[in-house]
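Next up, data22.tsv (TSV, C-alpha atoms):
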```
chain	number	residue	atom	x	y	z
A	205	MET	CA	-26.60	-5.74	-4.59
A	206	ALA	CA	-26.22	-3.51	-7.66
A	207	ASP	CA	-22.76	-2.28	-6.67
A	208	THR	CA	-21.27	-5.76	-6.46
A	209	GLU	CA	-23.21	-7.63	-9.08
A	210	THR	CA	-23.00	-5.39	-12.12
A	211	LEU	CA	-19.39	-4.31	-12.02
A	212	THR	CA	-17.50	-7.54	-12.41
A	213	GLY	CA	-19.81	-9.25	-14.87
A	214	ALA	CA	-18.88	-9.00	-18.54
A	215	ALA	CA	-21.18	-7.26	-21.01
A	216	PRO	CA	-23.46	-9.69	-22.89
A	217	ASP	CA	-21.59	-9.14	-26.16
A	218	ALA	CA	-18.10	-9.06	-24.65
A	219	PRO	CA	-15.57	-11.58	-26.01
A	220	PRO	CA	-14.86	-14.59	-23.79
A	221	ALA	CA	-12.14	-14.14	-21.20
A	222	PRO	CA	-8.79	-15.60	-22.26
A	223	ASP	CA	-7.64	-18.88	-20.73
A	224	PHE	CA	-4.43	-18.26	-18.76
A	225	SER	CA	-4.25	-21.75	-17.21
A	226	GLY	CA	-1.48	-22.94	-19.50
A	227	TRP	CA	0.67	-19.85	-19.20
A	228	SER	CA	4.09	-19.99	-17.59
A	229	CYS	CA	6.74	-17.35	-17.37
A	230	PRO	CA	9.80	-18.60	-15.51
A	231	LEU	CA	11.73	-15.67	-14.09
A	232	PRO	CA	15.22	-16.48	-12.80
A	233	LEU	CA	16.60	-14.60	-9.84
A	234	ARG	CA	18.52	-11.56	-10.97
A	235	ASP	CA	22.18	-11.64	-10.02
A	236	HIS	CA	22.96	-8.26	-8.47
A	237	PRO	CA	26.29	-8.09	-6.66
A	238	ARG	CA	25.24	-4.67	-5.30
A	239	VAL	CA	22.01	-3.14	-4.08
A	240	VAL	CA	20.12	-1.11	-6.69
A	241	MET	CA	17.18	1.27	-6.25
A	242	GLY	CA	14.72	-1.37	-7.42
A	243	HIS	CA	15.42	-3.45	-4.32
A	244	GLY	CA	13.52	-0.85	-2.28
A	245	GLY	CA	10.62	-0.37	-4.68
A	246	GLY	CA	8.06	-2.81	-3.32
A	247	GLY	CA	8.03	-4.90	-6.51
A	248	ALA	CA	9.56	-8.16	-7.69
A	249	MET	CA	13.11	-7.18	-6.76
A	250	SER	CA	12.06	-6.24	-3.23
A	251	ALA	CA	10.25	-9.56	-2.88
A	252	GLU	CA	13.32	-11.47	-4.02
A	253	LEU	CA	15.53	-9.61	-1.54
A	254	VAL	CA	13.19	-10.41	1.34
A	255	GLU	CA	12.41	-14.00	0.38
A	256	ASN	CA	15.91	-15.07	-0.66
A	257	LEU	CA	18.17	-13.07	1.65
A	258	PHE	CA	16.41	-11.68	4.72
A	259	ALA	CA	13.83	-14.40	5.44
A	260	PRO	CA	16.36	-17.28	5.38
A	261	ALA	CA	18.73	-15.26	7.57
A	262	PHE	CA	16.09	-14.44	10.18
A	263	GLY	CA	13.85	-17.54	10.02
A	264	GLY	CA	10.92	-18.11	12.36
A	265	PRO	CA	7.24	-18.86	11.74
A	266	ALA	CA	6.05	-15.36	12.69
A	267	LEU	CA	7.97	-13.93	9.73
A	268	ALA	CA	6.62	-16.46	7.26
A	269	GLY	CA	3.38	-14.59	6.55
A	270	LEU	CA	5.29	-11.56	5.23
A	271	GLY	CA	2.34	-9.23	5.82
A	272	ASP	CA	2.34	-5.51	6.47
A	273	SER	CA	2.55	-6.35	10.17
A	274	ALA	CA	3.15	-9.46	12.25
A	275	VAL	CA	0.31	-10.69	14.48
A	276	LEU	CA	1.73	-12.20	17.68
A	277	GLU	CA	0.30	-13.87	20.79
A	278	LEU	CA	1.72	-12.32	23.98
A	279	GLY	CA	0.35	-12.70	27.49
A	280	GLY	CA	-3.05	-13.73	26.24
A	281	ALA	CA	-3.34	-10.74	23.90
A	282	ARG	CA	-3.04	-10.64	20.11
A	283	LEU	CA	-0.67	-7.86	19.12
A	284	ALA	CA	0.15	-6.48	15.69
A	285	PHE	CA	3.73	-5.22	15.35
A	286	SER	CA	5.21	-3.32	12.41
A	287	THR	CA	8.17	-1.14	11.51
A	288	ASP	CA	9.01	1.06	8.54
A	289	SER	CA	11.64	3.59	7.47
A	290	TYR	CA	11.03	6.82	5.59
A	291	VAL	CA	13.46	8.43	3.16
A	292	VAL	CA	11.08	10.54	1.06
A	293	ARG	CA	12.51	13.39	-0.98
A	294	PRO	CA	11.50	16.22	-0.60
A	295	LEU	CA	10.76	16.28	3.13
A	296	PHE	CA	7.65	18.45	2.65
A	297	PHE	CA	5.12	18.12	-0.14
A	298	PRO	CA	1.50	19.10	-0.90
A	299	GLY	CA	-0.67	17.23	1.57
A	300	GLY	CA	1.99	16.11	4.02
A	301	SER	CA	5.59	15.63	5.07
A	302	ILE	CA	8.01	12.93	6.09
A	303	GLY	CA	6.63	13.30	9.63
A	304	ASP	CA	3.08	12.56	8.49
A	305	LEU	CA	4.28	9.58	6.49
A	306	ALA	CA	6.21	8.15	9.43
A	307	VAL	CA	3.06	8.02	11.56
A	308	ASN	CA	0.45	7.19	8.97
A	309	GLY	CA	2.51	4.54	7.19
A	310	THR	CA	3.08	2.52	10.35
A	311	VAL	CA	-0.44	3.09	11.69
A	312	ASN	CA	-1.83	1.85	8.38
A	313	ASP	CA	0.35	-1.26	8.38
A	314	LEU	CA	-1.09	-2.14	11.80
A	315	ALA	CA	-4.64	-1.36	10.70
A	316	MET	CA	-4.30	-3.70	7.70
A	317	SER	CA	-4.20	-6.56	10.23
A	318	GLY	CA	-7.38	-5.25	11.82
A	319	ALA	CA	-5.44	-3.94	14.82
A	320	ARG	CA	-6.24	-0.81	16.79
A	321	PRO	CA	-2.91	1.08	16.67
A	322	ALA	CA	-1.76	2.26	20.10
A	323	TYR	CA	1.94	3.10	20.48
A	324	LEU	CA	4.83	4.12	18.24
A	325	SER	CA	8.58	4.40	18.54
A	326	CYS	CA	10.45	6.94	16.42
A	327	GLY	CA	14.07	7.10	15.32
A	328	PHE	CA	15.55	10.27	13.76
A	329	ILE	CA	18.65	9.96	11.56
A	330	LEU	CA	19.88	13.49	10.98
A	331	GLU	CA	22.52	14.72	8.58
A	332	GLU	CA	25.12	17.05	10.02
A	333	GLY	CA	24.30	20.59	8.92
A	334	VAL	CA	20.54	20.22	8.55
A	335	GLU	CA	18.77	23.27	9.94
A	336	MET	CA	17.19	22.90	13.36
A	337	ALA	CA	14.11	24.67	12.00
A	338	VAL	CA	13.65	21.78	9.54
A	339	VAL	CA	13.99	19.17	12.29
A	340	ASP	CA	11.53	21.11	14.44
A	341	ARG	CA	9.01	21.29	11.61
A	342	VAL	CA	9.29	17.54	10.98
A	343	ALA	CA	8.93	16.73	14.68
A	344	LYS	CA	5.85	18.92	15.04
A	345	ALA	CA	4.24	17.36	11.96
A	346	LEU	CA	4.95	13.90	13.34
A	347	GLY	CA	3.45	14.75	16.73
A	348	ALA	CA	0.34	16.27	15.17
A	349	ALA	CA	-0.15	13.24	12.92
A	350	ALA	CA	0.14	10.92	15.93
A	351	ARG	CA	-2.52	12.84	17.81
A	352	THR	CA	-4.83	12.77	14.79
A	353	ALA	CA	-4.31	9.00	14.42
A	354	GLY	CA	-4.99	8.43	18.13
A	355	VAL	CA	-1.57	6.93	18.88
A	356	GLU	CA	1.22	7.96	21.24
A	357	VAL	CA	4.95	8.17	20.52
A	358	VAL	CA	6.46	6.56	23.62
A	359	THR	CA	10.14	5.95	22.83
A	360	GLY	CA	12.75	6.93	20.28
A	361	ASP	CA	16.33	7.47	19.25
A	362	THR	CA	18.47	10.08	17.49
A	363	LYS	CA	21.59	9.54	15.39
A	364	VAL	CA	23.65	12.04	13.38
A	365	VAL	CA	25.65	11.14	10.26
A	366	GLU	CA	28.37	13.22	8.62
A	367	ALA	CA	27.47	15.91	6.08
A	368	GLY	CA	27.00	14.33	2.68
A	369	ARG	CA	26.16	10.91	4.16
A	370	GLY	CA	22.42	11.48	4.50
A	371	ASP	CA	19.66	13.55	3.00
A	372	GLY	CA	18.65	15.89	5.79
A	373	VAL	CA	16.28	13.71	7.79
A	374	TYR	CA	15.44	10.01	7.68
A	375	LEU	CA	12.87	8.51	10.04
A	376	ASN	CA	12.02	5.07	11.35
A	377	THR	CA	8.82	4.24	13.22
A	378	ALA	CA	7.68	0.99	14.78
A	379	GLY	CA	4.21	0.45	16.17
A	380	ILE	CA	2.08	-1.97	18.15
A	381	GLY	CA	-1.67	-2.39	18.34
A	382	LEU	CA	-4.29	-4.80	19.67
A	383	VAL	CA	-6.10	-7.18	17.32
A	384	PRO	CA	-9.74	-7.71	18.39
A	385	ALA	CA	-10.98	-11.23	19.05
A	386	GLY	CA	-12.41	-12.95	16.00
A	387	VAL	CA	-10.46	-10.85	13.51
A	388	ASP	CA	-8.19	-12.73	11.11
A	389	ILE	CA	-7.08	-10.48	8.25
A	390	ARG	CA	-4.17	-11.64	6.10
A	391	PRO	CA	-3.35	-12.10	2.39
A	392	GLN	CA	-3.70	-15.89	2.55
A	393	ARG	CA	-7.44	-15.56	3.31
A	394	ALA	CA	-8.45	-14.27	-0.13
A	395	ARG	CA	-11.07	-16.63	-1.58
A	396	PRO	CA	-12.72	-17.03	-5.01
A	397	GLY	CA	-15.92	-15.02	-4.92
A	398	ASP	CA	-14.49	-12.26	-2.75
A	399	VAL	CA	-15.33	-8.75	-3.92
A	400	VAL	CA	-12.39	-6.36	-4.32
A	401	ILE	CA	-12.99	-2.80	-3.09
A	402	VAL	CA	-10.65	0.19	-3.20
A	403	SER	CA	-11.32	3.04	-0.77
A	404	GLY	CA	-10.86	5.91	-3.23
A	405	PRO	CA	-8.89	7.48	-6.10
A	406	ILE	CA	-5.39	6.10	-6.64
A	407	GLY	CA	-2.01	7.60	-7.53
A	408	LEU	CA	-2.28	10.93	-5.71
A	409	HIS	CA	0.72	10.52	-3.40
A	410	GLY	CA	3.20	9.48	-6.07
A	411	VAL	CA	2.17	12.28	-8.45
A	412	ALA	CA	2.26	14.86	-5.64
A	413	ILE	CA	5.84	13.87	-4.77
A	414	MET	CA	6.89	13.88	-8.41
A	415	SER	CA	5.36	17.28	-9.09
A	416	VAL	CA	7.36	19.08	-6.38
A	417	ARG	CA	10.54	17.04	-6.85
A	418	GLU	CA	10.75	17.65	-10.57
A	419	GLY	CA	9.09	21.09	-10.64
A	420	LEU	CA	6.26	19.87	-12.86
A	421	GLU	CA	2.89	21.58	-13.17
A	422	PHE	CA	-0.29	19.87	-14.29
A	423	GLY	CA	-2.68	22.82	-14.23
A	424	VAL	CA	-3.93	21.93	-10.75
A	425	GLU	CA	-2.12	21.18	-7.50
A	426	VAL	CA	-2.03	17.46	-6.78
A	427	ARG	CA	-2.06	16.76	-3.03
A	428	SER	CA	-0.91	13.56	-1.37
A	429	ASP	CA	-3.64	11.37	0.09
A	430	CYS	CA	-1.49	10.72	3.18
A	431	ALA	CA	-3.85	9.74	6.04
A	432	ALA	CA	-4.26	7.29	8.91
A	433	LEU	CA	-6.76	4.56	8.03
A	434	GLY	CA	-7.42	3.11	11.48
A	435	GLY	CA	-10.83	4.75	11.79
A	436	LEU	CA	-11.93	3.55	8.37
A	437	VAL	CA	-10.94	-0.02	9.22
A	438	GLU	CA	-12.84	0.16	12.51
A	439	ALA	CA	-15.96	1.26	10.60
A	440	MET	CA	-15.57	-1.74	8.27
A	441	LEU	CA	-15.04	-4.17	11.15
A	442	ALA	CA	-18.17	-2.82	12.83
A	443	VAL	CA	-20.13	-4.26	9.89
A	444	THR	CA	-18.39	-7.65	9.99
A	445	PRO	CA	-15.21	-9.03	11.57
A	446	ASP	CA	-14.92	-11.37	8.58
A	447	LEU	CA	-12.87	-9.11	6.32
A	448	HIS	CA	-10.56	-11.48	4.47
A	449	VAL	CA	-7.75	-9.16	3.32
A	450	LEU	CA	-6.78	-5.51	3.76
A	451	ARG	CA	-3.74	-3.91	2.16
A	452	ASP	CA	-2.59	-0.31	1.74
A	453	PRO	CA	-1.15	-0.03	-1.77
A	454	THR	CA	1.96	2.08	-1.13
A	455	ARG	CA	5.19	1.29	-3.00
A	456	GLY	CA	4.35	-0.47	-6.25
A	457	GLY	CA	0.80	0.90	-6.11
A	458	LEU	CA	-2.43	-1.03	-6.51
A	459	ALA	CA	-0.84	-3.46	-8.96
A	460	ALA	CA	1.80	-4.63	-6.48
A	461	ALA	CA	-0.72	-5.02	-3.65
A	462	LEU	CA	-3.09	-7.12	-5.74
A	463	ASN	CA	-0.30	-9.32	-7.10
A	464	GLU	CA	1.06	-9.97	-3.62
A	465	ILE	CA	-2.39	-11.02	-2.40
A	466	ALA	CA	-3.04	-13.23	-5.43
A	467	ALA	CA	0.32	-14.97	-4.98
A	468	ALA	CA	-0.09	-15.43	-1.22
A	469	ALA	CA	-3.56	-16.98	-1.52
A	470	GLY	CA	-3.04	-18.86	-4.79
A	471	VAL	CA	-6.06	-17.20	-6.40
A	472	GLY	CA	-6.71	-15.04	-9.42
A	473	VAL	CA	-7.93	-11.46	-9.40
A	474	THR	CA	-10.05	-9.99	-12.18
A	475	LEU	CA	-10.48	-6.22	-12.44
A	476	SER	CA	-12.66	-3.88	-14.46
A	477	GLU	CA	-10.08	-1.32	-15.59
A	478	ARG	CA	-12.72	1.38	-16.08
A	479	ALA	CA	-13.88	0.93	-12.49
A	480	VAL	CA	-10.47	1.76	-10.98
A	481	PRO	CA	-10.78	5.40	-9.82
A	482	VAL	CA	-7.99	7.51	-11.33
A	483	PRO	CA	-8.27	11.31	-10.88
A	484	ASP	CA	-7.91	13.35	-14.06
A	485	ALA	CA	-4.75	15.06	-12.77
A	486	VAL	CA	-3.13	11.68	-12.07
A	487	ALA	CA	-4.20	10.28	-15.43
A	488	ASN	CA	-2.85	13.33	-17.27
A	489	ALA	CA	0.45	13.28	-15.39
A	490	CYS	CA	0.91	9.57	-16.04
A	491	ALA	CA	0.04	9.96	-19.73
A	492	LEU	CA	2.57	12.78	-20.06
A	493	LEU	CA	5.35	10.82	-18.36
A	494	GLY	CA	4.57	7.34	-19.64
A	495	LEU	CA	3.55	5.95	-16.24
A	496	ASP	CA	0.74	3.56	-15.30
A	497	PRO	CA	-1.47	4.82	-12.44
A	498	MET	CA	-1.88	1.23	-11.23
A	499	TYR	CA	1.80	1.27	-10.20
A	500	VAL	CA	1.88	4.73	-8.58
A	501	ALA	CA	2.10	4.89	-4.78
A	502	ASN	CA	-0.71	5.80	-2.40
A	503	GLU	CA	-0.48	6.70	1.30
A	504	GLY	CA	-4.12	6.98	2.36
A	505	LYS	CA	-5.96	4.25	0.48
A	506	LEU	CA	-6.72	0.61	1.14
A	507	VAL	CA	-7.84	-2.34	-0.94
A	508	ALA	CA	-10.16	-4.88	0.67
A	509	PHE	CA	-11.13	-8.46	-0.22
A	510	VAL	CA	-14.59	-8.98	1.28
A	511	PRO	CA	-16.97	-11.97	1.16
A	512	ARG	CA	-19.66	-11.23	-1.42
A	513	ARG	CA	-22.47	-11.56	1.12
A	514	GLU	CA	-20.95	-8.72	3.17
A	515	ALA	CA	-19.73	-6.52	0.32
A	516	ASP	CA	-22.65	-4.08	0.00
A	517	ALA	CA	-22.78	-3.43	3.76
A	518	VAL	CA	-19.00	-2.94	3.96
A	519	LEU	CA	-19.05	-0.62	0.95
A	520	ALA	CA	-21.83	1.47	2.52
A	521	ALA	CA	-19.87	1.74	5.79
A	522	MET	CA	-16.77	2.83	3.88
A	523	ARG	CA	-18.68	5.50	1.97
A	524	ALA	CA	-20.06	6.84	5.25
A	525	HIS	CA	-16.50	7.52	6.48
A	526	PRO	CA	-14.56	10.58	5.20
A	527	LEU	CA	-11.61	8.45	4.07
A	528	GLY	CA	-13.83	6.02	2.17
A	529	ALA	CA	-16.39	8.38	0.66
A	530	GLU	CA	-15.30	7.47	-2.88
A	531	ALA	CA	-14.91	3.73	-2.30
A	532	VAL	CA	-15.83	1.53	-5.27
A	533	VAL	CA	-15.87	-2.12	-6.26
A	534	ILE	CA	-13.15	-2.75	-8.84
A	535	GLY	CA	-13.21	-6.52	-9.31
A	536	GLU	CA	-13.41	-9.95	-7.79
A	537	CYS	CA	-11.33	-12.91	-6.69
A	538	VAL	CA	-11.56	-15.93	-9.03
A	539	GLU	CA	-10.35	-19.51	-9.35
A	540	ASP	CA	-8.93	-18.89	-12.83
A	541	HIS	CA	-5.32	-17.81	-13.48
A	542	PRO	CA	-4.13	-18.34	-9.86
A	543	GLY	CA	-1.45	-15.90	-8.75
A	544	MET	CA	-2.24	-13.49	-11.58
A	545	VAL	CA	-4.11	-10.19	-11.82
A	546	VAL	CA	-6.04	-9.64	-15.05
A	547	ALA	CA	-7.80	-6.41	-16.02
A	548	ARG	CA	-10.65	-6.23	-18.50
A	549	THR	CA	-10.04	-3.11	-20.55
A	550	GLY	CA	-12.57	-0.57	-21.73
A	551	PHE	CA	-12.34	-2.05	-25.24
A	552	GLY	CA	-13.45	-5.51	-24.10
A	553	GLY	CA	-10.02	-7.09	-24.11
A	554	SER	CA	-7.88	-8.26	-21.21
A	555	ARG	CA	-4.38	-7.53	-20.02
A	556	VAL	CA	-2.19	-9.00	-17.32
A	557	VAL	CA	-1.37	-6.51	-14.56
A	558	ASP	CA	2.01	-7.84	-13.49
A	559	LEU	CA	4.07	-7.26	-10.38
A	560	PRO	CA	6.37	-4.28	-11.04
A	561	MET	CA	10.07	-5.01	-11.12
A	562	GLY	CA	11.03	-2.04	-8.97
A	563	GLU	CA	9.14	1.24	-8.71
A	564	GLN	CA	8.37	3.96	-11.20
A	565	LEU	CA	9.08	6.75	-8.67
A	566	PRO	CA	11.80	6.09	-6.09
A	567	ARG	CA	12.02	7.79	-2.69
A	568	ILE	CA	8.25	8.37	-2.38
A	569	CYS	CA	7.98	7.30	1.26
```
What is this structure when it is put down as structure tokens?
Amino acid sequence: MADTETLTGAAPDAPPAPDFSGWSCPLPLRDHPRVVMGHGGGGAMSAELVENLFAPAFGGPALAGLGDSAVLELGGARLAFSTDSYVVRPLFFPGGSIGDLAVNGTVNDLAMSGARPAYLSCGFILEEGVEMAVVDRVAKALGAAARTAGVEVVTGDTKVVEAGRGDGVYLNTAGIGLVPAGVDIRPQRARPGDVVIVSGPIGLHGVAIMSVREGLEFGVEVRSDCAALGGLVEAMLAVTPDLHVLRDPTRGGLAAALNEIAAAAGVGVTLSERAVPVPDAVANACALLGLDPMYVANEGKLVAFVPRREADAVLAAMRAHPLGAEAVVIGECVEDHPGMVVARTGFGGSRVVDLPMGEQLPRIC
């Protein structure tokens, strides 16, 4: 139990944790007569848009969970269903492309419900004048990513917009998968005592996009972590079906994912900041540009809330899989400061890791 017992406990001489129970920070809705980039960033503004505009307009109990995918009963089967759109700029980057993102992003949203992804749809929105060679390259990357993920693209659509009204290629994918019996993975199931595990180093995708978009060099090529996580989730479920929460920390990064889970379950999350795996290249890039790695997007990582009794076995199974080889425990779920994420710093203090307002790097997926 060394991995899960030693990390989250404070050092014997550490100062007592601050009491956040009396804190309040009322945040009024921001009055935006027009859409701004922050509404698509996966942070507080995105949440407000969904909760105060889209959810009331659509209604329905299946939407109420607001997870990465909806889990639905149909014909005696439990299906996970998800959709996502991809507007990344540039279309090709170290470690992947918009085609890879379109498959892996939707596959991962399904896998975060414990589903086995099966089928995808794909919509291409093309700008007039884009080279056919570019479209061909995107399509081939998408097809290859689907085969690697073990899913099949079975239907689709193509639209063309006038020159200057798009950005070359936009994609939309929707996917369905089967949820095994006995699996109930959703943000509301986080419980005090749960161990929080991240599957590997964070921030690689966002920094990879930024480096090619802005022509920045950090002494070493930073490659996106873009990958399909279905196989990793299956390895975790083989240990126990009782995984409480899974989330892939994409837009808004690890900070947004943890805040969303804490708010949904009404629990607190406590992190050891030193335990969060940040590659040197990501740390250096963020230090140079004034960014926080906790808010930088990932496309091939997951964060898991696991019952403490199962944590060591799940961690071992993750480390035995190529996409979880560097998995580590980063914290725990607590009763204190419900709805808040608090990180214990390397200096023995604490800081609140808040939900980002928008996103530090737009157009990253």
Segment 347-363 of chain A surroundings by all atoms listed in the file, 7 Å radius, close-in-sequence under 2 positions cut, as a PDB file with C-alpha atoms, in the coordinates of the input:
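Listing of around_9.pdb after writing:
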```pdb
ATOM      1  CA  ASP A 304       3.080  12.560   8.490  1.00  0.00           C
ATOM      2  CA  VAL A 307       3.060   8.020  11.560  1.00  0.00           C
ATOM      3  CA  PRO A 321      -2.910   1.080  16.670  1.00  0.00           C
ATOM      4  CA  ALA A 322      -1.760   2.260  20.100  1.00  0.00           C
ATOM      5  CA  TYR A 323       1.940   3.100  20.480  1.00  0.00           C
ATOM      6  CA  LEU A 324       4.830   4.120  18.240  1.00  0.00           C
ATOM      7  CA  SER A 325       8.580   4.400  18.540  1.00  0.00           C
ATOM      8  CA  CYS A 326      10.450   6.940  16.420  1.00  0.00           C
ATOM      9  CA  GLY A 327      14.070   7.100  15.320  1.00  0.00           C
ATOM     10  CA  PHE A 328      15.550  10.270  13.760  1.00  0.00           C
ATOM     11  CA  ILE A 329      18.650   9.960  11.560  1.00  0.00           C
ATOM     12  CA  LEU A 330      19.880  13.490  10.980  1.00  0.00           C
ATOM     13  CA  ALA A 343       8.930  16.730  14.680  1.00  0.00           C
ATOM     14  CA  LYS A 344       5.850  18.920  15.040  1.00  0.00           C
ATOM     15  CA  ALA A 345       4.240  17.360  11.960  1.00  0.00           C
ATOM     16  CA  VAL A 365      25.650  11.140  10.260  1.00  0.00           C
ATOM     17  CA  ALA A 432      -4.260   7.290   8.910  1.00  0.00           C
TER      18      ALA A 432
END
```
- Task: Mind checking which residues fall within 7 Å of Val471 of chain A, counting all atoms listed in the file, ignoring those fewer than 6 positions away in the same chain, and posting them as a list in words?
- Result: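 Selected residues are Arg395, Pro396, Cys537, Val538, Glu539, Pro542 and Gly543 of chain A.
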- Could you jot down the atom CA of Leu283 of chain A to atom CA of Leu382 of chain A separation for me, Å, one decimal place?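 That distance, rounded to one decimal, is 4.8 Å.
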- Message: With distances taken over only C-alpha atoms, which residue among A:Val532, A:Ala394, A:Val240, A:Leu375 lies nearest Val518 of chain A?
- Response: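 Going through A:Val532, A:Ala394, A:Val240, A:Leu375 one by one, the smallest distance to Val518 of chain A is for A:Val532.
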- Out of A:Val482, A:Ala547, A:Leu565, A:Val449, which residue has the shortest atom-to-atom distance to Leu495 of chain A when counting only C-alpha atoms?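 The answer is A:Leu565, which sits nearest to Leu495 of chain A.
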- Task: May I have the residues within 7 Å of segment 413-426 of chain A as an MDAnalysis selection string, using only C-alpha atoms and disregarding those fewer than 3 positions away in the same chain?
- Result: chainID A and resid 294 297 408:410 485 489 568
- atom CA of Gly553 of chain A to atom CA of Gly472 of chain A: how many Å, to one decimal? 17.0 Å
- Expressed in Å to a single decimal, how great is the separation between atom CA of Val291 of chain A and atom CA of Met241 of chain A?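 Going from atom CA of Val291 of chain A over to atom CA of Met241 of chain A covers 12.4 Å.
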- A:Ala487, A:Met336, A:Ala461, A:Cys569: which is nearest Asn308 of chain A, counting only C-alpha atoms? A:Cys569
- Which residue, A:Glu536, A:Asp288, A:Asp452, A:Glu477, has the smallest gap to Lys505 of chain A when you use only C-alpha atoms? A:Asp452
- Message: Taking all atoms listed in the file into account, name the residue in A:Asp496, A:Glu277, A:Asp484, A:Glu464 that is nearest to Leu559 of chain A.
- Response: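 Once distances to Leu559 of chain A are computed over all atoms listed in the file, the minimum belongs to A:Glu464.
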- Pick from A:Pro445, A:Gly381, A:Pro405, A:Gly242 nearest to Pro511 of chain A, counting all atoms listed in the file: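 Going through A:Pro445, A:Gly381, A:Pro405, A:Gly242 one by one, the smallest distance to Pro511 of chain A is for A:Pro445.
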- Extract, using only C-alpha atoms, all DNA, RNA and protein residues at most 10 Å from Tyr290 of chain A, discarding same-chain residues fewer than 5 positions from it, and format them as number ranges by chain. A: 295, 302-303, 305-306, 309, 328, 373-377, 567-569
- Write out as a list in words the residues lying within 10 Å of Leu519 of chain A, counting all atoms listed in the file and excluding same-chain residues fewer than 5 positions away.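 Neighbouring residues, sequence-local ones excluded: Asp207, Thr208, Ile401, Val402, Ser403, Met440, Val443, Ala508, Val510, Glu514, Ala524, Gly528, Ala529, Glu530, Ala531, Val532 and Val533 of chain A.
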Tell me, counting all atoms listed in the file, for each residue of segment 362-414 of chain A within 9 Å of segment 271-275 of chain A, which pair of atoms is nearest and how far apart they are in Å to one decimal, in rows ordered by chain and increasing number, as CSV.
```
residue,atom,partner,partner_atom,distance
A:Val383,CA,A:Val275,CA,7.8
A:Arg390,CA,A:Gly271,CA,6.9
A:Pro391,CA,A:Gly271,CA,7.2
```
